$ cat target-v8.txt   # compact mmCIF, C-alpha atoms
# COMPACT_ATOMS: atom_id res chain seq x y z
CA GLU N 1 4.31 2.74 -14.17
CA VAL N 2 1.24 4.95 -14.65
CA ASP N 3 -0.89 1.87 -15.32
CA ILE N 4 0.19 0.48 -11.94
CA MET N 5 -0.63 3.83 -10.30
CA LYS N 6 -4.06 3.66 -11.93
CA LYS N 7 -4.65 0.39 -10.11
CA ALA N 8 -3.54 1.93 -6.81
CA GLY N 9 -5.73 4.96 -7.55
CA ARG N 10 -8.76 2.87 -8.36
CA ILE N 11 -8.39 0.96 -5.10
CA VAL N 12 -8.36 4.11 -2.96
CA CYS N 13 -11.27 5.53 -4.93
CA ASP N 14 -13.26 2.34 -4.38
CA THR N 15 -12.27 2.38 -0.70
CA LEU N 16 -13.81 5.83 -0.19
CA CYS N 17 -16.91 4.83 -2.16
CA LEU N 18 -17.29 1.82 0.14
CA LEU N 19 -16.79 3.92 3.28
CA GLU N 20 -19.44 6.39 2.12
CA GLU N 21 -22.05 3.69 2.77
CA TYR N 22 -20.92 3.43 6.41
CA ILE N 23 -20.48 7.13 7.23
CA LYS N 24 -23.57 7.69 9.36
CA PRO N 25 -24.27 9.07 12.82
CA GLY N 26 -23.26 6.56 15.49
CA ILE N 27 -20.28 4.89 13.80
CA GLU N 28 -16.87 5.01 15.49
CA THR N 29 -13.99 6.18 13.35
CA ILE N 30 -11.97 3.05 14.14
CA GLU N 31 -14.70 0.99 12.48
CA LEU N 32 -14.16 2.91 9.24
CA ASP N 33 -10.42 2.27 9.50
CA LEU N 34 -10.92 -1.48 9.88
CA ILE N 35 -13.30 -1.61 6.91
CA ALA N 36 -10.80 0.27 4.74
CA GLU N 37 -7.83 -1.88 5.70
CA LYS N 38 -9.74 -5.10 5.06
CA TYR N 39 -10.84 -3.87 1.63
CA ILE N 40 -7.41 -2.62 0.51
CA VAL N 41 -5.76 -5.90 1.50
CA SER N 42 -8.53 -7.87 -0.26
CA GLN N 43 -7.55 -6.11 -3.50
CA GLY N 44 -3.96 -7.29 -3.23
CA ALA N 45 -2.68 -3.87 -2.19
CA ILE N 46 -0.93 -2.55 0.90
CA PRO N 47 -2.38 0.29 3.03
CA GLY N 48 -0.19 3.23 2.04
CA PHE N 49 -0.19 5.17 5.29
CA LYS N 50 0.03 2.50 7.98
CA GLY N 51 3.48 2.59 9.54
CA MET N 52 4.65 5.57 7.49
CA TYR N 53 6.53 7.97 9.78
CA GLY N 54 5.08 5.84 12.58
CA PHE N 55 1.43 6.52 11.66
CA PRO N 56 -0.64 3.77 13.34
CA ALA N 57 -3.67 3.49 11.03
CA THR N 58 -4.85 2.90 7.47
CA LEU N 59 -6.91 6.10 7.27
CA CYS N 60 -6.43 9.68 8.32
CA ILE N 61 -9.88 10.61 9.67
CA SER N 62 -10.41 14.29 10.44
CA VAL N 63 -13.71 15.54 11.89
CA GLU N 64 -15.06 19.12 11.77
CA ASP N 65 -12.20 21.45 12.81
CA GLU N 66 -9.59 18.75 12.18
CA VAL N 67 -7.81 19.56 8.93
CA VAL N 68 -5.79 16.39 8.26
CA HIS N 69 -3.94 13.47 9.89
CA GLY N 70 -6.67 12.66 12.40
CA LEU N 71 -6.27 9.32 14.20
CA PRO N 72 -9.07 6.74 14.02
CA GLY N 73 -10.37 5.79 17.45
CA ASN N 74 -13.51 5.59 19.56
CA ARG N 75 -14.87 8.96 18.46
CA VAL N 76 -18.49 8.57 17.37
CA LEU N 77 -19.59 10.54 14.31
CA LYS N 78 -22.58 12.81 14.92
CA GLU N 79 -25.38 14.13 12.74
CA GLY N 80 -24.42 17.40 11.07
CA GLU N 81 -20.65 16.92 11.21
CA ILE N 82 -18.25 16.66 8.30
CA VAL N 83 -15.46 14.08 8.18
CA GLY N 84 -12.41 14.17 5.94
CA ILE N 85 -10.94 10.79 5.02
CA ASP N 86 -7.51 10.47 3.40
CA VAL N 87 -6.38 7.04 2.20
CA GLY N 88 -3.36 5.62 0.42
CA SER N 89 -2.55 2.29 -1.20
CA ILE N 90 0.56 0.65 -2.62
CA VAL N 91 0.42 -1.62 -5.67
CA ASP N 92 3.69 -3.16 -6.88
CA GLY N 93 5.64 -0.39 -5.16
CA TYR N 94 3.58 2.55 -6.51
CA TYR N 95 1.23 4.78 -4.53
CA GLY N 96 -2.30 6.06 -4.91
CA ASP N 97 -3.46 8.91 -2.64
CA HIS N 98 -7.02 10.19 -2.39
CA ALA N 99 -9.16 12.21 0.03
CA ARG N 100 -12.75 13.36 0.28
CA THR N 101 -14.74 15.16 2.96
CA PHE N 102 -18.14 13.62 3.65
CA PRO N 103 -21.29 14.86 5.36
CA VAL N 104 -22.47 12.85 8.36
CA GLY N 105 -26.23 12.67 7.89
CA GLU N 106 -27.78 16.05 7.07
CA ILE N 107 -25.45 19.04 7.26
CA ASP N 108 -26.23 22.75 7.23
CA GLU N 109 -25.69 25.13 4.32
CA GLU N 110 -22.47 26.50 5.81
CA HIS N 111 -20.89 23.05 5.78
CA LYS N 112 -22.31 22.21 2.35
CA GLN N 113 -20.81 25.33 0.81
CA LEU N 114 -17.41 24.63 2.39
CA LEU N 115 -17.39 21.14 0.87
CA ASN N 116 -18.52 22.40 -2.53
CA VAL N 117 -15.93 25.17 -2.73
CA THR N 118 -13.08 22.91 -1.60
CA GLN N 119 -13.95 20.30 -4.20
CA GLU N 120 -14.31 22.99 -6.87
CA SER N 121 -10.90 24.40 -5.86
CA LEU N 122 -9.33 20.98 -6.41
CA MET N 123 -10.81 20.76 -9.89
CA LYS N 124 -9.71 24.32 -10.72
CA GLY N 125 -6.18 23.31 -9.77
CA ILE N 126 -6.31 20.14 -11.85
CA GLU N 127 -7.44 22.16 -14.88
CA GLN N 128 -4.12 24.05 -14.70
CA ALA N 129 -2.05 20.85 -14.49
CA VAL N 130 -1.04 20.79 -18.15
CA ASP N 131 2.26 20.26 -19.94
CA GLY N 132 4.13 23.58 -20.14
CA ASN N 133 2.34 25.29 -17.26
CA ARG N 134 3.99 25.98 -13.90
CA ILE N 135 3.20 24.63 -10.43
CA GLY N 136 2.20 28.17 -9.47
CA ASP N 137 -0.64 27.98 -12.00
CA ILE N 138 -2.17 25.09 -10.04
CA SER N 139 -1.58 26.84 -6.72
CA ASN N 140 -2.98 30.16 -7.86
CA ALA N 141 -6.16 28.62 -9.29
CA ILE N 142 -6.90 26.88 -5.99
CA GLN N 143 -6.23 30.00 -3.94
CA LEU N 144 -8.23 32.36 -6.14
CA HIS N 145 -11.33 30.18 -6.22
CA SER N 146 -11.43 29.49 -2.49
CA GLU N 147 -10.56 33.00 -1.33
CA ASN N 148 -13.00 34.58 -3.79
CA GLN N 149 -15.72 32.57 -2.03
CA GLY N 150 -14.63 33.92 1.36
CA TYR N 151 -12.61 30.94 2.63
CA SER N 152 -8.99 30.65 3.72
CA VAL N 153 -6.26 28.34 2.42
CA VAL N 154 -4.03 26.34 4.75
CA THR N 155 -0.52 27.43 3.79
CA GLU N 156 1.55 25.19 6.08
CA LEU N 157 0.54 21.96 4.31
CA VAL N 158 0.94 21.22 0.60
CA GLY N 159 0.33 18.72 -2.16
CA HIS N 160 3.20 16.75 -3.63
CA GLY N 161 4.68 14.63 -6.35
CA ILE N 162 3.94 10.93 -6.02
CA GLY N 163 5.25 7.64 -7.40
CA THR N 164 7.36 5.00 -5.67
CA ASN N 165 7.29 7.29 -2.65
CA LEU N 166 4.15 8.87 -1.24
CA HIS N 167 5.80 12.28 -0.95
CA GLU N 168 8.07 13.32 -3.81
CA ASP N 169 9.15 16.59 -5.37
CA PRO N 170 7.78 18.99 -6.34
CA GLN N 171 5.74 20.43 -3.50
CA ILE N 172 2.37 21.77 -4.71
CA PRO N 173 1.13 24.58 -2.45
CA ASN N 174 -2.54 25.56 -2.51
CA PHE N 175 -1.53 29.20 -2.81
CA GLY N 176 0.91 30.98 -5.09
CA VAL N 177 1.65 33.16 -8.07
CA LYS N 178 0.66 32.24 -11.61
CA GLY N 179 3.63 31.50 -13.85
CA GLU N 180 6.01 30.69 -11.01
CA GLY N 181 7.50 27.40 -9.78
CA PRO N 182 8.76 24.29 -11.57
CA LYS N 183 7.55 23.60 -15.10
CA ILE N 184 4.93 20.87 -15.49
CA LYS N 185 5.90 18.13 -17.94
CA GLU N 186 4.15 15.17 -19.52
CA GLY N 187 4.55 12.03 -17.42
CA MET N 188 4.71 13.77 -14.05
CA CYS N 189 2.40 12.50 -11.30
CA PHE N 190 1.00 14.76 -8.58
CA ALA N 191 -1.25 14.56 -5.54
CA ILE N 192 -3.15 17.84 -5.45
CA GLU N 193 -4.98 18.44 -2.15
CA PRO N 194 -6.53 21.74 -1.13
CA MET N 195 -7.26 22.12 2.59
CA ILE N 196 -9.74 24.97 2.96
CA ASN N 197 -10.94 26.52 6.21
CA LEU N 198 -14.15 28.31 7.09
CA GLY N 199 -12.25 30.73 9.34
CA THR N 200 -8.58 31.48 9.87
CA PRO N 201 -5.90 29.70 7.81
CA ASP N 202 -3.90 29.11 11.00
CA ILE N 203 -3.51 25.54 12.26
CA LEU N 204 -2.41 23.72 15.40
CA THR N 205 -1.26 20.18 16.15
CA LYS N 206 -3.18 18.34 18.87
CA SER N 207 -1.56 16.57 21.82
CA ASP N 208 -1.56 13.22 19.95
CA ASN N 209 1.18 14.78 17.75
CA TRP N 210 -0.71 13.80 14.59
CA THR N 211 -4.07 15.54 14.32
CA ILE N 212 -3.88 19.00 12.78
CA CYS N 213 -6.82 21.30 13.51
CA THR N 214 -7.86 24.87 12.80
CA ALA N 215 -6.62 27.43 15.32
CA ASP N 216 -10.08 28.97 15.72
CA GLY N 217 -12.05 25.72 15.99
CA LYS N 218 -14.02 26.32 12.78
CA PRO N 219 -14.55 23.55 10.22
CA SER N 220 -12.07 22.56 7.50
CA ALA N 221 -12.49 20.49 4.32
CA HIS N 222 -9.98 18.42 2.34
CA PHE N 223 -10.20 16.90 -1.12
CA GLU N 224 -7.37 15.18 -3.01
CA HIS N 225 -6.76 13.41 -6.31
CA THR N 226 -3.70 11.70 -7.73
CA ILE N 227 -3.18 12.78 -11.34
CA THR N 228 -0.75 12.25 -14.19
CA ILE N 229 0.15 14.80 -16.86
CA THR N 230 -0.62 13.71 -20.43
CA LYS N 231 -0.33 15.52 -23.75
CA ASN N 232 -4.10 16.12 -23.47
CA GLY N 233 -4.01 17.57 -19.95
CA ALA N 234 -4.35 16.00 -16.54
CA GLU N 235 -5.73 12.50 -16.12
CA ILE N 236 -7.22 11.69 -12.70
CA LEU N 237 -5.92 8.31 -11.47
CA THR N 238 -8.04 8.15 -8.32
CA LYS N 239 -11.33 7.38 -10.01
CA ASN N 240 -13.45 4.42 -11.06
CA GLY N 241 -13.00 2.91 -14.49

$ encode --input "target-v8.txt" --output "structure tokens"
Amino acid sequence: EVDIMKKAGRIVCDTLCLLEEYIKPGIETIELDLIAEKYIVSQGAIPGFKGMYGFPATLCISVEDEVVHGLPGNRVLKEGEIVGIDVGSIVDGYYGDHARTFPVGEIDEEHKQLLNVTQESLMKGIEQAVDGNRIGDISNAIQLHSENQGYSVVTELVGHGIGTNLHEDPQIPNFGVKGEGPKIKEGMCFAIEPMINLGTPDILTKSDNWTICTADGKPSAHFEHTITITKNGAEILTKNG
């Protein structure tokens, strides 16, 4: 089962690597969605998000103050923006789930630092995903790192277990108390995904009923990996090789 999830994970990793070549000022977000769908299907996989809960697209594309679940459309990416892309795939009934936030052209130091800290927070969380630890150890590591750098953690959205369903138990908050929550055991598979804001942690849902944005209009970043728990610690499934 984990070997199948590795295939699904590799496909979503390769999808984001492919999209990185196209993320430039002037491209419409719907173009990125079409590129991703064509690639996932070419690999013998199924886009993991399209049709789920009625979601109409292959990618969630969230720009600047949009946290997650942004809809691809005719929005044109602009120099200096950041864009979060979340993508899923299904291989033989098993899911891969992966997200990165990309710079569009050259971005300022404020945006760069937000991206760096969010990605670091993800890795801090993954370091705590070991057999015998608790979910709260992951959550606390993410929260401490991001808040110590002066950022806020979105508390209304969480990571999750993953397997034959995209969203499975347990929930994995990006905030919490060390030593609390369900025990982590070898063989479990998680999607860990910190969503870190430059300003307030508060969020709103836009009128399209999908796109979630920051309440204060300041930028947000999102990074996510699918992992499995081994006797030697966490193994990242959403990677090349």

$ residues_around --input "target-v8.txt" --residues "N:Asp97" --least-positions-apart "5" --cutoff "9 Å" --atoms "all atoms listed in the file" --output "count of residues only"
16

$ axis_aligned_box --input "target-v8.txt" --around "stretch 228-235 of chain N" --padding-each-side "3 Å" --output "AutoDock Vina command-line options"
--center_x -2.8 --center_y 14.9 --center_z -19.0 --size_x 11.9 --size_y 11.3 --size_z 15.6

$ closest_residue --input "target-v8.txt" --among "N:Leu18, N:Cys213, N:Leu144, N:Ile172" --to "N:Gly199" --atoms "all atoms listed in the file"
N:Cys213

$ atom_distance --input "target-v8.txt" --atom1 "atom CA of N:Asp131" --atom2 "atom CA of N:His160"
16.7 Å

$ closest_residue --input "target-v8.txt" --among "N:Pro182, N:Pro201, N:Gly44, N:Gly93" --to "N:Ser139" --atoms "all atoms listed in the file"
N:Pro182

$ closest_residue --input "target-v8.txt" --among "N:Lys124, N:Arg134, N:His69, N:Lys206" --to "N:Phe55" --atoms "all atoms listed in the file"
N:His69

$ closest_residue --input "target-v8.txt" --among "N:Asp33, N:Glu120, N:Asp14, N:Glu79" --to "N:Leu59" --atoms "all atoms listed in the file"
N:Asp33

$ atom_distance --input "target-v8.txt" --atom1 "atom CA of N:Lys50" --atom2 "atom CA of N:Lys38"
12.7 Å

$ closest_residue --input "target-v8.txt" --among "N:Thr230, N:Asn74, N:Thr101, N:Gln119" --to "N:Ile184" --atoms "only C-alpha atoms"
N:Thr230

$ atom_distance --input "target-v8.txt" --atom1 "atom CA of N:Gly179" --atom2 "atom CA of N:Met5"
28.2 Å

$ build_atoms --input "target-v8.txt" --residues "stretch 171-182 of chain N" --atoms "all heavy atoms" --output "PDB file, keeping the file's coordinate frame"
ATOM      1  N   GLN N 171       6.842  20.043  -4.370  1.00  0.00           N
ATOM      2  CA  GLN N 171       5.740  20.430  -3.500  1.00  0.00           C
ATOM      3  C   GLN N 171       4.721  21.219  -4.327  1.00  0.00           C
ATOM      4  O   GLN N 171       5.090  21.961  -5.241  1.00  0.00           O
ATOM      5  CB  GLN N 171       6.226  21.291  -2.343  1.00  0.00           C
ATOM      6  CG  GLN N 171       7.046  20.543  -1.324  1.00  0.00           C
ATOM      7  CD  GLN N 171       7.314  21.353  -0.079  1.00  0.00           C
ATOM      8  OE1 GLN N 171       7.126  22.572  -0.042  1.00  0.00           O
ATOM      9  NE2 GLN N 171       7.757  20.688   0.978  1.00  0.00           N
ATOM     10  N   ILE N 172       3.431  21.064  -3.986  1.00  0.00           N
ATOM     11  CA  ILE N 172       2.370  21.770  -4.710  1.00  0.00           C
ATOM     12  C   ILE N 172       1.528  22.530  -3.689  1.00  0.00           C
ATOM     13  O   ILE N 172       0.546  22.005  -3.149  1.00  0.00           O
ATOM     14  CB  ILE N 172       1.507  20.790  -5.525  1.00  0.00           C
ATOM     15  CG1 ILE N 172       2.397  19.970  -6.462  1.00  0.00           C
ATOM     16  CG2 ILE N 172       0.448  21.558  -6.327  1.00  0.00           C
ATOM     17  CD1 ILE N 172       1.699  18.864  -7.182  1.00  0.00           C
ATOM     18  N   PRO N 173       1.909  23.776  -3.401  1.00  0.00           N
ATOM     19  CA  PRO N 173       1.130  24.580  -2.450  1.00  0.00           C
ATOM     20  C   PRO N 173      -0.267  24.872  -3.006  1.00  0.00           C
ATOM     21  O   PRO N 173      -0.502  24.832  -4.223  1.00  0.00           O
ATOM     22  CB  PRO N 173       1.946  25.872  -2.317  1.00  0.00           C
ATOM     23  CG  PRO N 173       3.302  25.541  -2.850  1.00  0.00           C
ATOM     24  CD  PRO N 173       3.087  24.499  -3.891  1.00  0.00           C
ATOM     25  N   ASN N 174      -1.188  25.179  -2.115  1.00  0.00           N
ATOM     26  CA  ASN N 174      -2.540  25.560  -2.510  1.00  0.00           C
ATOM     27  C   ASN N 174      -2.696  27.077  -2.569  1.00  0.00           C
ATOM     28  O   ASN N 174      -3.803  27.610  -2.541  1.00  0.00           O
ATOM     29  CB  ASN N 174      -3.550  24.942  -1.544  1.00  0.00           C
ATOM     30  CG  ASN N 174      -3.498  23.433  -1.593  1.00  0.00           C
ATOM     31  OD1 ASN N 174      -3.613  22.837  -2.656  1.00  0.00           O
ATOM     32  ND2 ASN N 174      -3.291  22.795  -0.448  1.00  0.00           N
ATOM     33  N   PHE N 175      -1.569  27.755  -2.672  1.00  0.00           N
ATOM     34  CA  PHE N 175      -1.530  29.200  -2.810  1.00  0.00           C
ATOM     35  C   PHE N 175      -0.271  29.533  -3.599  1.00  0.00           C
ATOM     36  O   PHE N 175       0.714  28.783  -3.549  1.00  0.00           O
ATOM     37  CB  PHE N 175      -1.463  29.881  -1.425  1.00  0.00           C
ATOM     38  CG  PHE N 175      -0.201  29.542  -0.678  1.00  0.00           C
ATOM     39  CD1 PHE N 175       0.882  30.411  -0.692  1.00  0.00           C
ATOM     40  CD2 PHE N 175      -0.073  28.336   0.003  1.00  0.00           C
ATOM     41  CE1 PHE N 175       2.064  30.079  -0.038  1.00  0.00           C
ATOM     42  CE2 PHE N 175       1.093  28.002   0.668  1.00  0.00           C
ATOM     43  CZ  PHE N 175       2.165  28.881   0.653  1.00  0.00           C
ATOM     44  N   GLY N 176      -0.301  30.625  -4.351  1.00  0.00           N
ATOM     45  CA  GLY N 176       0.910  30.980  -5.090  1.00  0.00           C
ATOM     46  C   GLY N 176       0.632  31.923  -6.235  1.00  0.00           C
ATOM     47  O   GLY N 176      -0.497  32.379  -6.442  1.00  0.00           O
ATOM     48  N   VAL N 177       1.684  32.179  -6.985  1.00  0.00           N
ATOM     49  CA  VAL N 177       1.650  33.160  -8.070  1.00  0.00           C
ATOM     50  C   VAL N 177       1.658  32.428  -9.414  1.00  0.00           C
ATOM     51  O   VAL N 177       2.475  31.535  -9.650  1.00  0.00           O
ATOM     52  CB  VAL N 177       2.862  34.109  -7.980  1.00  0.00           C
ATOM     53  CG1 VAL N 177       2.837  35.109  -9.133  1.00  0.00           C
ATOM     54  CG2 VAL N 177       2.869  34.830  -6.636  1.00  0.00           C
ATOM     55  N   LYS N 178       0.748  32.816 -10.271  1.00  0.00           N
ATOM     56  CA  LYS N 178       0.660  32.240 -11.610  1.00  0.00           C
ATOM     57  C   LYS N 178       1.976  32.434 -12.352  1.00  0.00           C
ATOM     58  O   LYS N 178       2.586  33.495 -12.284  1.00  0.00           O
ATOM     59  CB  LYS N 178      -0.491  32.912 -12.357  1.00  0.00           C
ATOM     60  CG  LYS N 178      -0.981  32.175 -13.571  1.00  0.00           C
ATOM     61  CD  LYS N 178      -2.258  32.790 -14.111  1.00  0.00           C
ATOM     62  CE  LYS N 178      -2.743  31.976 -15.297  1.00  0.00           C
ATOM     63  NZ  LYS N 178      -4.001  32.491 -15.830  1.00  0.00           N
ATOM     64  N   GLY N 179       2.415  31.399 -13.043  1.00  0.00           N
ATOM     65  CA  GLY N 179       3.630  31.500 -13.850  1.00  0.00           C
ATOM     66  C   GLY N 179       4.912  31.236 -13.087  1.00  0.00           C
ATOM     67  O   GLY N 179       5.989  31.265 -13.683  1.00  0.00           O
ATOM     68  N   GLU N 180       4.811  30.959 -11.793  1.00  0.00           N
ATOM     69  CA  GLU N 180       6.010  30.690 -11.010  1.00  0.00           C
ATOM     70  C   GLU N 180       6.101  29.208 -10.639  1.00  0.00           C
ATOM     71  O   GLU N 180       5.140  28.462 -10.748  1.00  0.00           O
ATOM     72  CB  GLU N 180       6.027  31.539  -9.728  1.00  0.00           C
ATOM     73  CG  GLU N 180       6.232  33.020  -9.998  1.00  0.00           C
ATOM     74  CD  GLU N 180       6.532  33.806  -8.735  1.00  0.00           C
ATOM     75  OE1 GLU N 180       6.457  33.236  -7.630  1.00  0.00           O
ATOM     76  OE2 GLU N 180       6.842  35.007  -8.866  1.00  0.00           O
ATOM     77  N   GLY N 181       7.289  28.781 -10.216  1.00  0.00           N
ATOM     78  CA  GLY N 181       7.500  27.400  -9.780  1.00  0.00           C
ATOM     79  C   GLY N 181       7.992  26.506 -10.896  1.00  0.00           C
ATOM     80  O   GLY N 181       8.144  26.924 -12.052  1.00  0.00           O
ATOM     81  N   PRO N 182       8.259  25.243 -10.580  1.00  0.00           N
ATOM     82  CA  PRO N 182       8.760  24.290 -11.570  1.00  0.00           C
ATOM     83  C   PRO N 182       7.803  24.114 -12.741  1.00  0.00           C
ATOM     84  O   PRO N 182       6.585  24.227 -12.585  1.00  0.00           O
ATOM     85  CB  PRO N 182       8.887  22.988 -10.771  1.00  0.00           C
ATOM     86  CG  PRO N 182       8.979  23.408  -9.338  1.00  0.00           C
ATOM     87  CD  PRO N 182       8.165  24.653  -9.228  1.00  0.00           C
TER      88      PRO N 182
END
